[in-house]
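One file, upload16.cif, carrying mmCIF, C-alpha atoms:
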data_protein
#
loop_
_atom_site.label_atom_id
_atom_site.label_comp_id
_atom_site.auth_asym_id
_atom_site.auth_seq_id
_atom_site.Cartn_x
_atom_site.Cartn_y
_atom_site.Cartn_z
CA MET A 1 34.77 3.57 58.92
CA PHE A 2 38.43 3.10 58.07
CA GLU A 3 40.34 6.35 58.22
CA LYS A 4 43.87 5.41 57.15
CA GLN A 5 44.84 3.56 53.99
CA ALA A 6 47.99 1.89 52.79
CA ALA A 7 48.95 -0.59 50.09
CA LEU A 8 50.30 -4.01 50.98
CA PHE A 9 52.52 -5.53 48.29
CA LEU A 10 52.99 -9.29 48.46
CA TYR A 11 55.88 -10.80 46.50
CA ALA A 12 55.97 -14.60 46.31
CA VAL A 13 59.36 -16.17 47.08
CA SER A 14 58.06 -19.74 47.02
CA PRO A 15 55.10 -21.35 45.26
CA VAL A 16 51.91 -20.17 46.97
CA HIS A 17 48.85 -22.36 47.28
CA MET A 18 46.04 -20.13 48.43
CA GLY A 19 43.45 -22.79 47.73
CA ALA A 20 39.97 -22.37 46.36
CA GLY A 21 38.81 -25.76 47.64
CA THR A 22 38.15 -28.82 45.56
CA ALA A 23 36.89 -27.88 42.15
CA THR A 24 35.57 -29.59 39.08
CA GLY A 25 37.85 -27.63 36.78
CA ILE A 26 40.94 -28.76 34.93
CA ILE A 27 42.92 -28.93 38.20
CA ASP A 28 41.73 -30.72 41.34
CA ASN A 29 43.08 -28.15 43.82
CA PRO A 30 43.03 -24.79 42.06
CA ILE A 31 44.23 -21.49 43.48
CA GLN A 32 41.93 -18.57 44.22
CA ARG A 33 41.06 -16.45 41.22
CA GLU A 34 39.01 -13.34 40.62
CA ARG A 35 35.70 -14.17 39.03
CA HIS A 36 35.76 -11.53 36.32
CA THR A 37 39.44 -11.50 35.25
CA GLN A 38 40.44 -15.04 36.25
CA HIS A 39 43.67 -13.50 37.58
CA PRO A 40 45.08 -15.22 40.67
CA THR A 41 44.14 -13.47 43.90
CA PHE A 42 44.66 -13.81 47.65
CA ALA A 43 41.42 -13.34 49.59
CA GLY A 44 41.72 -10.60 52.21
CA SER A 45 40.41 -12.99 54.87
CA GLY A 46 43.28 -15.37 54.10
CA ILE A 47 45.88 -12.61 54.34
CA LYS A 48 44.42 -11.36 57.61
CA GLY A 49 44.25 -14.87 59.04
CA ALA A 50 47.86 -15.54 58.08
CA VAL A 51 49.08 -12.26 59.60
CA ARG A 52 47.12 -12.91 62.77
CA HIS A 53 48.40 -16.49 62.99
CA GLY A 54 52.03 -15.44 62.56
CA PHE A 55 51.77 -12.12 64.40
CA GLU A 56 53.83 -13.10 67.42
CA ALA A 57 56.35 -15.07 65.38
CA ILE A 58 57.17 -12.03 63.22
CA GLY A 59 57.68 -9.81 66.26
CA GLY A 60 54.18 -8.54 67.04
CA ASP A 61 53.11 -7.85 70.63
CA PRO A 62 50.49 -10.55 71.43
CA SER A 63 48.61 -8.14 73.71
CA LEU A 64 47.73 -6.07 70.61
CA MET A 65 46.08 -8.95 68.79
CA ASP A 66 42.50 -8.46 69.97
CA ALA A 67 42.61 -4.71 69.41
CA LEU A 68 44.11 -5.00 65.90
CA PHE A 69 42.37 -8.10 64.54
CA GLY A 70 39.32 -8.47 66.77
CA PRO A 71 38.90 -11.06 69.52
CA GLU A 72 38.21 -14.74 68.93
CA SER A 73 34.49 -15.29 68.53
CA ASP A 74 34.37 -17.79 71.41
CA ALA A 75 36.04 -15.36 73.83
CA ASN A 76 34.38 -13.71 76.81
CA GLY A 77 31.58 -11.92 75.05
CA ASN A 78 33.46 -8.64 74.65
CA LEU A 79 33.16 -8.86 70.92
CA HIS A 80 34.24 -5.94 68.79
CA ALA A 81 35.60 -5.47 65.30
CA GLY A 82 39.32 -5.37 64.64
CA ALA A 83 40.95 -2.10 63.70
CA VAL A 84 42.87 -3.46 60.72
CA SER A 85 41.38 -4.59 57.42
CA PHE A 86 43.11 -6.47 54.62
CA GLY A 87 41.47 -6.30 51.19
CA ASP A 88 41.77 -8.93 48.48
CA ALA A 89 45.11 -8.89 46.69
CA GLN A 90 45.13 -8.36 42.93
CA LEU A 91 47.78 -9.40 40.46
CA VAL A 92 50.33 -6.79 39.41
CA ALA A 93 52.98 -8.88 37.63
CA PHE A 94 53.28 -12.56 36.77
CA PRO A 95 56.54 -14.37 35.91
CA VAL A 96 56.59 -15.95 32.45
CA ARG A 97 59.39 -18.07 30.99
CA SER A 98 61.34 -16.10 28.41
CA LEU A 99 63.91 -17.20 25.85
CA LYS A 100 66.18 -14.39 27.02
CA ASN A 101 66.93 -13.47 30.65
CA GLY A 102 65.19 -16.54 32.07
CA TYR A 103 61.85 -15.02 32.83
CA VAL A 104 60.08 -11.68 32.54
CA TYR A 105 57.58 -9.95 34.78
CA ALA A 106 54.52 -9.91 32.55
CA THR A 107 51.68 -7.49 33.16
CA CYS A 108 48.89 -5.83 31.18
CA PRO A 109 47.11 -2.46 31.01
CA GLN A 110 44.22 -3.80 33.10
CA ALA A 111 46.45 -5.03 35.95
CA LEU A 112 48.55 -1.85 35.88
CA ALA A 113 45.52 0.43 35.82
CA ARG A 114 43.95 -1.39 38.77
CA ALA A 115 47.19 -1.22 40.76
CA ARG A 116 47.60 2.46 39.88
CA ARG A 117 44.02 3.13 41.01
CA LEU A 118 44.71 1.44 44.33
CA MET A 119 47.87 3.50 44.79
CA GLN A 120 45.92 6.66 43.99
CA LEU A 121 43.35 5.76 46.65
CA ILE A 122 46.11 5.78 49.27
CA GLY A 123 47.61 8.96 47.87
CA VAL A 124 50.59 7.57 45.92
CA SER A 125 50.88 8.67 42.32
CA TRP A 126 52.13 6.36 39.60
CA ASN A 127 51.99 9.27 37.23
CA ARG A 128 53.21 7.51 34.09
CA GLU A 129 51.16 6.58 31.07
CA ILE A 130 50.19 2.92 30.94
CA PRO A 131 51.24 1.40 27.60
CA GLN A 132 48.44 -0.15 25.51
CA PRO A 133 49.87 -2.86 23.25
CA GLU A 134 47.67 -4.54 20.65
CA GLU A 135 46.89 -8.24 20.81
CA GLY A 136 49.95 -10.29 19.81
CA ARG A 137 52.25 -7.35 20.55
CA CYS A 138 54.02 -6.14 23.67
CA VAL A 139 55.71 -3.10 25.11
CA LEU A 140 59.01 -3.57 26.92
CA ALA A 141 61.87 -1.52 28.25
CA ASN A 142 64.81 -3.83 27.78
CA PRO A 143 65.96 -4.62 24.18
CA GLU A 144 68.14 -7.45 25.62
CA LEU A 145 64.96 -9.51 25.85
CA LEU A 146 64.60 -9.65 22.07
CA ALA A 147 65.55 -12.73 20.09
CA GLY A 148 65.02 -14.35 16.71
CA PRO A 149 66.71 -13.72 13.34
CA GLY A 150 66.03 -9.98 13.36
CA LYS A 151 66.40 -9.74 17.15
CA ASP A 152 63.00 -8.12 17.11
CA LYS A 153 60.70 -10.61 18.83
CA LEU A 154 59.92 -11.41 22.43
CA HIS A 155 59.61 -15.15 23.08
CA LEU A 156 57.45 -16.10 26.06
CA GLU A 157 56.82 -19.81 26.64
CA ALA A 158 55.90 -21.06 23.14
CA PHE A 159 54.74 -17.67 21.87
CA GLU A 160 56.32 -14.87 19.94
CA TYR A 161 55.36 -11.21 20.29
CA SER A 162 56.28 -8.32 18.09
CA VAL A 163 57.64 -5.51 20.10
CA GLN A 164 57.53 -1.85 20.78
CA VAL A 165 60.36 -0.56 22.97
CA SER A 166 59.19 2.18 25.31
CA PRO A 167 61.61 4.68 26.80
CA ASP A 168 58.89 5.65 29.26
CA LEU A 169 58.28 2.18 30.68
CA PRO A 170 61.47 2.07 32.84
CA LYS A 171 60.20 5.08 34.77
CA LEU A 172 56.96 3.29 35.61
CA SER A 173 58.67 -0.03 36.32
CA GLU A 174 61.24 1.66 38.56
CA LYS A 175 58.44 3.21 40.58
CA ILE A 176 56.71 -0.17 40.89
CA ALA A 177 59.95 -1.97 41.80
CA ASN A 178 60.84 0.58 44.50
CA ASP A 179 57.34 0.58 45.99
CA ALA A 180 56.77 -3.16 45.85
CA LEU A 181 60.04 -4.67 47.07
CA PRO A 182 61.91 -4.11 50.34
CA ASP A 183 64.90 -1.75 50.29
CA SER A 184 67.44 -4.25 51.60
CA ASN A 185 70.28 -5.76 49.55
CA GLY A 186 68.66 -9.18 49.38
CA TYR A 187 66.05 -7.79 47.00
CA ALA A 188 68.36 -5.60 44.93
CA PHE A 189 68.55 -8.15 42.09
CA PHE A 190 64.77 -8.47 41.90
CA ARG A 191 64.18 -4.72 42.12
CA GLU A 192 66.57 -4.25 39.21
CA LYS A 193 65.05 -7.12 37.20
CA LEU A 194 61.50 -5.91 37.78
CA LYS A 195 62.58 -2.48 36.61
CA LYS A 196 64.30 -3.82 33.46
CA ASP A 197 62.27 -6.88 32.54
CA LEU A 198 58.69 -5.71 33.05
CA VAL A 199 56.77 -6.54 29.87
CA VAL A 200 53.31 -5.18 29.10
CA LEU A 201 51.10 -7.56 27.10
CA HIS A 202 47.60 -7.07 25.76
CA ASP A 203 44.97 -7.91 28.40
CA SER A 204 43.92 -11.07 26.50
CA ASP A 205 47.48 -12.34 26.05
CA PHE A 206 48.26 -11.69 29.70
CA ALA A 207 45.06 -13.42 30.83
CA TYR A 208 46.19 -16.55 28.97
CA PHE A 209 49.42 -16.76 30.98
CA ALA A 210 47.77 -15.79 34.27
CA GLU A 211 45.30 -18.61 33.76
CA HIS A 212 47.36 -21.32 32.08
CA ALA A 213 50.99 -20.75 33.06
CA THR A 214 50.78 -21.45 36.79
CA LEU A 215 52.67 -24.26 38.49
CA VAL A 216 50.74 -27.54 38.38
CA GLU A 217 51.99 -30.61 40.21
CA PRO A 218 50.71 -34.16 40.32
CA HIS A 219 50.54 -35.70 43.79
CA VAL A 220 49.71 -39.22 44.87
CA ARG A 221 48.71 -40.78 48.15
CA ILE A 222 51.07 -43.64 48.95
CA ASP A 223 49.66 -46.88 50.32
CA PRO A 224 51.66 -47.60 53.51
CA ILE A 225 51.47 -51.37 52.95
CA THR A 226 52.55 -51.58 49.32
CA GLY A 227 54.59 -48.37 49.15
CA THR A 228 53.01 -47.59 45.81
CA ALA A 229 50.37 -45.08 44.73
CA LYS A 230 46.96 -45.73 46.23
CA LYS A 231 44.08 -46.41 43.86
CA GLY A 232 42.28 -43.18 43.07
CA GLY A 233 44.99 -41.28 44.98
CA LEU A 234 46.21 -39.19 42.07
CA PHE A 235 45.43 -35.48 42.29
CA TYR A 236 46.72 -32.24 40.79
CA THR A 237 47.54 -29.10 42.76
CA GLU A 238 48.01 -25.62 41.36
CA ASN A 239 50.38 -23.02 42.80
CA LEU A 240 51.03 -19.39 42.08
CA PRO A 241 54.66 -19.37 40.87
CA PRO A 242 57.43 -17.66 42.84
CA GLU A 243 58.26 -14.11 41.65
CA SER A 244 54.56 -13.23 41.31
CA LEU A 245 53.62 -9.79 42.62
CA LEU A 246 50.25 -8.83 44.09
CA VAL A 247 48.91 -5.79 45.91
CA ALA A 248 46.13 -5.46 48.47
CA PRO A 249 44.57 -2.52 50.28
CA LEU A 250 45.44 -2.26 53.99
CA LEU A 251 43.02 -0.14 56.02
CA ALA A 252 43.04 1.02 59.62
CA SER A 253 40.51 2.60 61.97
CA GLN A 254 40.72 3.66 65.58
CA THR A 255 40.55 0.67 67.92
CA ARG A 256 37.06 -0.58 68.65
CA THR A 257 37.47 -2.11 72.07
CA GLY A 258 34.59 -0.05 73.41
CA ARG A 259 36.93 2.08 75.52
CA LYS A 260 37.04 5.79 74.91
CA GLN A 261 40.10 7.83 74.15
CA GLU A 262 39.86 9.46 77.58
CA ASP A 263 40.09 6.06 79.28
CA LYS A 264 43.46 5.54 77.61
CA GLY A 265 44.12 1.86 78.12
CA ASP A 266 44.75 0.25 74.73
CA TRP A 267 42.98 2.90 72.67
CA GLU A 268 44.78 3.91 69.47
CA ASP A 269 43.76 6.25 66.71
CA ALA A 270 43.86 5.05 63.09
CA ALA A 271 47.33 6.43 62.46
CA GLY A 272 48.60 4.60 65.55
CA VAL A 273 46.95 1.37 64.43
CA LEU A 274 48.43 1.60 60.94
CA MET A 275 51.85 2.41 62.36
CA LYS A 276 51.68 -0.62 64.67
CA ILE A 277 50.68 -3.10 61.96
CA LYS A 278 53.15 -1.62 59.49
CA THR A 279 56.03 -1.87 61.96
CA VAL A 280 55.31 -5.55 62.45
CA ILE A 281 54.75 -6.74 58.88
CA ASN A 282 56.80 -4.41 56.69
CA GLY A 283 59.68 -6.27 55.03
CA LYS A 284 58.74 -9.52 56.77
CA THR A 285 58.22 -12.96 55.30
CA LEU A 286 54.64 -14.10 55.78
CA GLN A 287 53.32 -17.59 55.26
CA ILE A 288 49.97 -17.55 53.52
CA GLY A 289 47.78 -20.30 52.11
CA GLY A 290 48.16 -24.04 52.42
CA ASP A 291 50.91 -26.64 52.25
CA ALA A 292 53.06 -24.67 54.71
CA THR A 293 55.00 -27.75 55.81
CA THR A 294 56.21 -28.31 52.27
CA GLY A 295 57.65 -24.82 52.02
CA ARG A 296 54.69 -23.21 50.29
CA GLY A 297 53.22 -19.78 50.76
CA LEU A 298 56.22 -17.58 51.52
CA VAL A 299 55.61 -13.99 50.54
CA ILE A 300 57.49 -10.80 51.33
CA ALA A 301 55.27 -8.01 52.61
CA LYS A 302 55.91 -4.36 51.85
CA VAL A 303 53.65 -1.63 53.16
CA VAL A 304 53.41 1.66 51.26
CA GLU A 305 51.72 4.71 52.72
CA GLY A 306 50.67 7.84 50.88
CA MET V 307 14.06 -27.05 20.37
CA SER V 308 16.51 -24.44 21.55
CA LYS V 309 20.10 -24.55 20.40
CA LEU V 310 22.53 -26.13 22.85
CA THR V 311 24.92 -23.84 24.69
CA LEU V 312 28.61 -24.29 23.99
CA GLU V 313 29.06 -25.88 27.41
CA GLN V 314 26.29 -28.39 26.66
CA GLN V 315 27.93 -29.23 23.35
CA ARG V 316 31.28 -29.83 25.08
CA ALA V 317 29.61 -31.95 27.73
CA LYS V 318 27.73 -33.98 25.15
CA ASP V 319 30.84 -34.69 23.12
CA ALA V 320 32.96 -35.47 26.21
CA TRP V 321 30.25 -37.80 27.53
CA GLN V 322 30.37 -39.79 24.30
CA CYS V 323 34.19 -39.79 24.17
CA ALA V 324 34.45 -40.91 27.81
CA GLN V 325 32.23 -43.89 27.09
CA GLU V 326 34.28 -44.92 24.06
CA GLY V 327 37.56 -44.42 25.92
CA ILE V 328 36.47 -46.47 28.93
CA ILE V 329 35.19 -49.33 26.78
CA LYS V 330 38.52 -49.44 24.95
CA HIS V 331 41.01 -48.78 27.75
CA ASP V 332 39.20 -49.04 31.09
CA LYS V 333 40.57 -47.00 34.03
CA ASP V 334 43.85 -46.13 32.31
CA TYR V 335 41.81 -43.86 30.07
CA VAL V 336 40.29 -42.13 33.10
CA ASN V 337 43.70 -41.46 34.68
CA ASP V 338 45.11 -40.15 31.41
CA ALA V 339 42.13 -37.86 30.90
CA LYS V 340 42.52 -36.55 34.45
CA GLY V 341 46.18 -35.68 33.99
CA LEU V 342 45.97 -34.27 30.48
CA PRO V 343 45.18 -30.61 31.35
CA ALA V 344 48.14 -30.49 33.76
CA LEU V 345 50.36 -32.00 31.08
CA ILE V 346 49.28 -29.33 28.58
CA MET V 347 49.72 -26.54 31.15
CA ASN V 348 53.24 -27.70 31.89
CA SER V 349 54.38 -28.68 28.39
CA GLY V 350 52.22 -26.92 25.80
CA LEU V 351 49.48 -28.20 23.50
CA MET V 352 51.58 -29.22 20.49
CA GLN V 353 54.18 -31.06 22.55
CA VAL V 354 51.42 -32.99 24.31
CA MET V 355 49.63 -33.80 21.04
CA ALA V 356 52.91 -35.11 19.64
CA PHE V 357 53.48 -37.13 22.82
CA LEU V 358 50.00 -38.70 22.68
CA HIS V 359 50.44 -39.61 19.02
CA GLN V 360 53.90 -41.08 19.54
CA LYS V 361 52.76 -43.19 22.52
CA GLY V 362 49.86 -44.57 20.48
CA GLY V 363 47.20 -46.86 21.95
CA ARG V 364 45.07 -45.28 24.66
CA HIS V 365 47.04 -42.05 24.36
CA GLU V 366 46.18 -41.79 20.70
CA THR V 367 42.52 -42.38 21.55
CA LEU V 368 42.61 -39.24 23.71
CA GLY V 369 44.62 -37.29 21.15
CA SER V 370 42.28 -38.12 18.30
CA GLN V 371 39.20 -37.29 20.40
CA LEU V 372 40.64 -33.88 21.26
CA ARG V 373 41.61 -33.25 17.63
CA ALA V 374 38.08 -34.18 16.54
CA TRP V 375 36.56 -31.70 18.99
CA LEU V 376 38.93 -28.92 17.91
CA HIS V 377 38.10 -29.74 14.30
CA GLY V 378 34.44 -29.06 15.04
CA ARG V 379 35.16 -25.78 16.83
CA TYR V 380 38.06 -24.32 14.87
CA GLY V 381 38.10 -26.30 11.64
CA VAL V 382 41.66 -27.52 12.30
CA PRO V 383 42.32 -30.91 10.64
CA LYS V 384 41.62 -34.13 12.53
CA ASP V 385 44.59 -35.92 11.00
CA PHE V 386 47.64 -35.71 13.29
CA GLU V 387 50.18 -34.45 10.76
CA GLU V 388 47.86 -31.92 9.18
CA PHE V 389 46.73 -30.83 12.65
CA MET V 390 50.33 -30.16 13.68
CA GLN V 391 51.10 -28.35 10.42
CA THR V 392 48.07 -26.13 10.86
CA LEU V 393 48.87 -25.30 14.48
CA MET V 394 52.44 -24.42 13.57
CA GLU V 395 51.11 -21.69 11.31
CA GLN V 396 48.69 -20.04 13.76
CA ASP V 397 49.36 -16.65 15.29
CA ALA V 398 49.66 -16.48 19.09
CA PRO V 399 46.06 -15.34 19.81
CA THR V 400 44.57 -18.18 17.70
CA PHE V 401 46.95 -20.74 19.17
CA GLN V 402 46.01 -19.58 22.65
CA ALA V 403 42.32 -19.71 21.82
CA ILE V 404 42.69 -23.30 20.58
CA THR V 405 44.59 -24.23 23.75
CA ALA V 406 41.93 -22.58 25.90
CA GLU V 407 39.24 -24.52 24.01
CA SER V 408 41.14 -27.75 24.71
CA PHE V 409 41.03 -26.96 28.43
CA ALA V 410 37.33 -26.17 28.27
CA TRP V 411 36.58 -29.55 26.68
CA LEU V 412 39.03 -31.49 28.88
CA ARG V 413 37.41 -29.99 31.96
CA TRP V 414 34.30 -31.94 31.01
CA LEU V 415 36.10 -35.04 29.84
CA ARG V 416 38.15 -35.59 33.02
CA GLN V 417 35.06 -35.17 35.17
CA LEU V 418 32.69 -37.23 33.08
CA ALA V 419 35.24 -40.01 32.52
CA SER V 420 35.70 -40.34 36.31
CA ALA V 421 31.96 -40.29 36.84
CA ARG V 422 31.28 -42.92 34.18
CA MET V 423 34.02 -45.12 35.61
CA GLY V 424 32.23 -44.87 38.95
CA GLU V 425 35.39 -44.06 40.88
CA GLU V 426 36.05 -41.41 43.44
CA THR V 427 38.09 -38.67 41.85
#
Please go through the file and, once you have read it, give me the structure as structure tokens.
Amino acid sequence: MFEKQAALFLYAVSPVHMGAGTATGIIDNPIQRERHTQHPTFAGSGIKGAVRHGFEAIGGDPSLMDALFGPESDANGNLHAGAVSFGDAQLVAFPVRSLKNGYVYATCPQALARARRLMQLIGVSWNREIPQPEEGRCVLANPELLAGPGKDKLHLEAFEYSVQVSPDLPKLSEKIANDALPDSNGYAFFREKLKKDLVVLHDSDFAYFAEHATLVEPHVRIDPITGTAKKGGLFYTENLPPESLLVAPLLASQTRTGRKQEDKGDWEDAAGVLMKIKTVINGKTLQIGGDATTGRGLVIAKVVEG
Amino acid sequence: MSKLTLEQQRAKDAWQCAQEGIIKHDKDYVNDAKGLPALIMNSGLMQVMAFLHQKGGRHETLGSQLRAWLHGRYGVPKDFEEFMQTLMEQDAPTFQAITAESFAWLRWLRQLASARMGEET
């Protein structure tokens, strides 16, 4: 049983290709998505694997690895579970091209409610009402985003939304921005933008962008002899765009090495385990998913405890 | 006989279109079909429909096939100009639904075209 809970926010600073394998969909190499919402997701196993892989590089003590993550399965037979668990990450906000201010952080009642529920589970209250716009409409905080003849419409990609300005939304978006992004100066711009330019769309409108407004790139395999594209070598890869924000549960138990508390050794209680993992990953850049050597998969981790 | 599911109807239509496209344009058609969803995701449905029409030839084959399918599902005109006029007047939810339907059909077309061509994808 996991005794301590935290939330792990993951903010993409480069395109992220957390692949779902070869698929027979509209894209050859799609990203992972939740079955029921089709929102992009990062599988917990992928996050855990990435953290384990980069643990030493981001300042973790390698002697803690077995206790925190569990030993390699081909090790010496002293198998035990790890003390840290990463859940699947769910989408909180998704960047969408906007006529004004470059892009907005789009979200929807469903995504906000799920994130708020997760925060509540770890004891953090996002105690603001979640706006409920109708289909084809949106709720926003920043009137600067409005354009058109009457300066009363929000333009996202090719679409136009009629608007309701909410004085309450900045309070919710400020809470999200402060919880989700690191405190340092480097993120000040993005904290401020997330606070100002968070836009709540209807669940259906948001689902359209989350599904069809990702980054899709054609790739070819080059024939080394001719230097041109190889026959049948054309394929399309999908990436989660930079500036996307996801959140995952982070759980900790006491270490499960088989040793008892009285034996001391490397035994830690759940609070100690959570503190250790948090110290290592909080505010760090992690590399998750594929295509690492082409600069993909950089996310900033932020751990929030209740 | 039971009514076909929507997916079966899309598959049936795409199967027929793939055959016609390959007979007319050979493997160029297959490559175009494969890249079309990415093109729409990156550029938008109307821009891509305009592009296909302007390029003509094998591109127009694809464009007219997609318009014909959308005509059957949403009643939008098959004719290019009328199709564009109609799409320009749709509200965002309808426009998005039409785009999503294009992806659902193209998902079949790109796969079936490759399969009928007998190439590795």
Selection near A:His80, 7 Å with only C-alpha atoms, sequence-local residues under 6 positions removed, as a PyMOL selection string: chain A and resi 70-71+256-257
Å distance separating atom CA of A:Ala93 from atom CA of A:Ser244, one decimal place: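 Result for atom CA of A:Ala93 versus atom CA of A:Ser244: 5.9 Å, one decimal.
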Which residues are near stretch 106-121 of chain A? Cut-off 7 Å, all atoms listed in the file, ignore same chain within fewer than 5 positions. Put them as JSON, numbers by chain. {"A": [7, 91, 92, 93, 94, 95, 96, 126, 130, 131, 132, 198, 199, 200, 201, 202, 203, 206]}
Would you list which chain A residues are within 10 Å of chain V using all atoms listed in the file, as a PyMOL selection string? chain A and resi 24-28+135-137+157-161+204-205+208-209+211-218+231-238
Work out how far apart atom CA of A:Val299 and atom CA of A:Thr285 are and give it in Å to one decimal.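 Separating atom CA of A:Val299 from atom CA of A:Thr285 is a distance of 5.5 Å.
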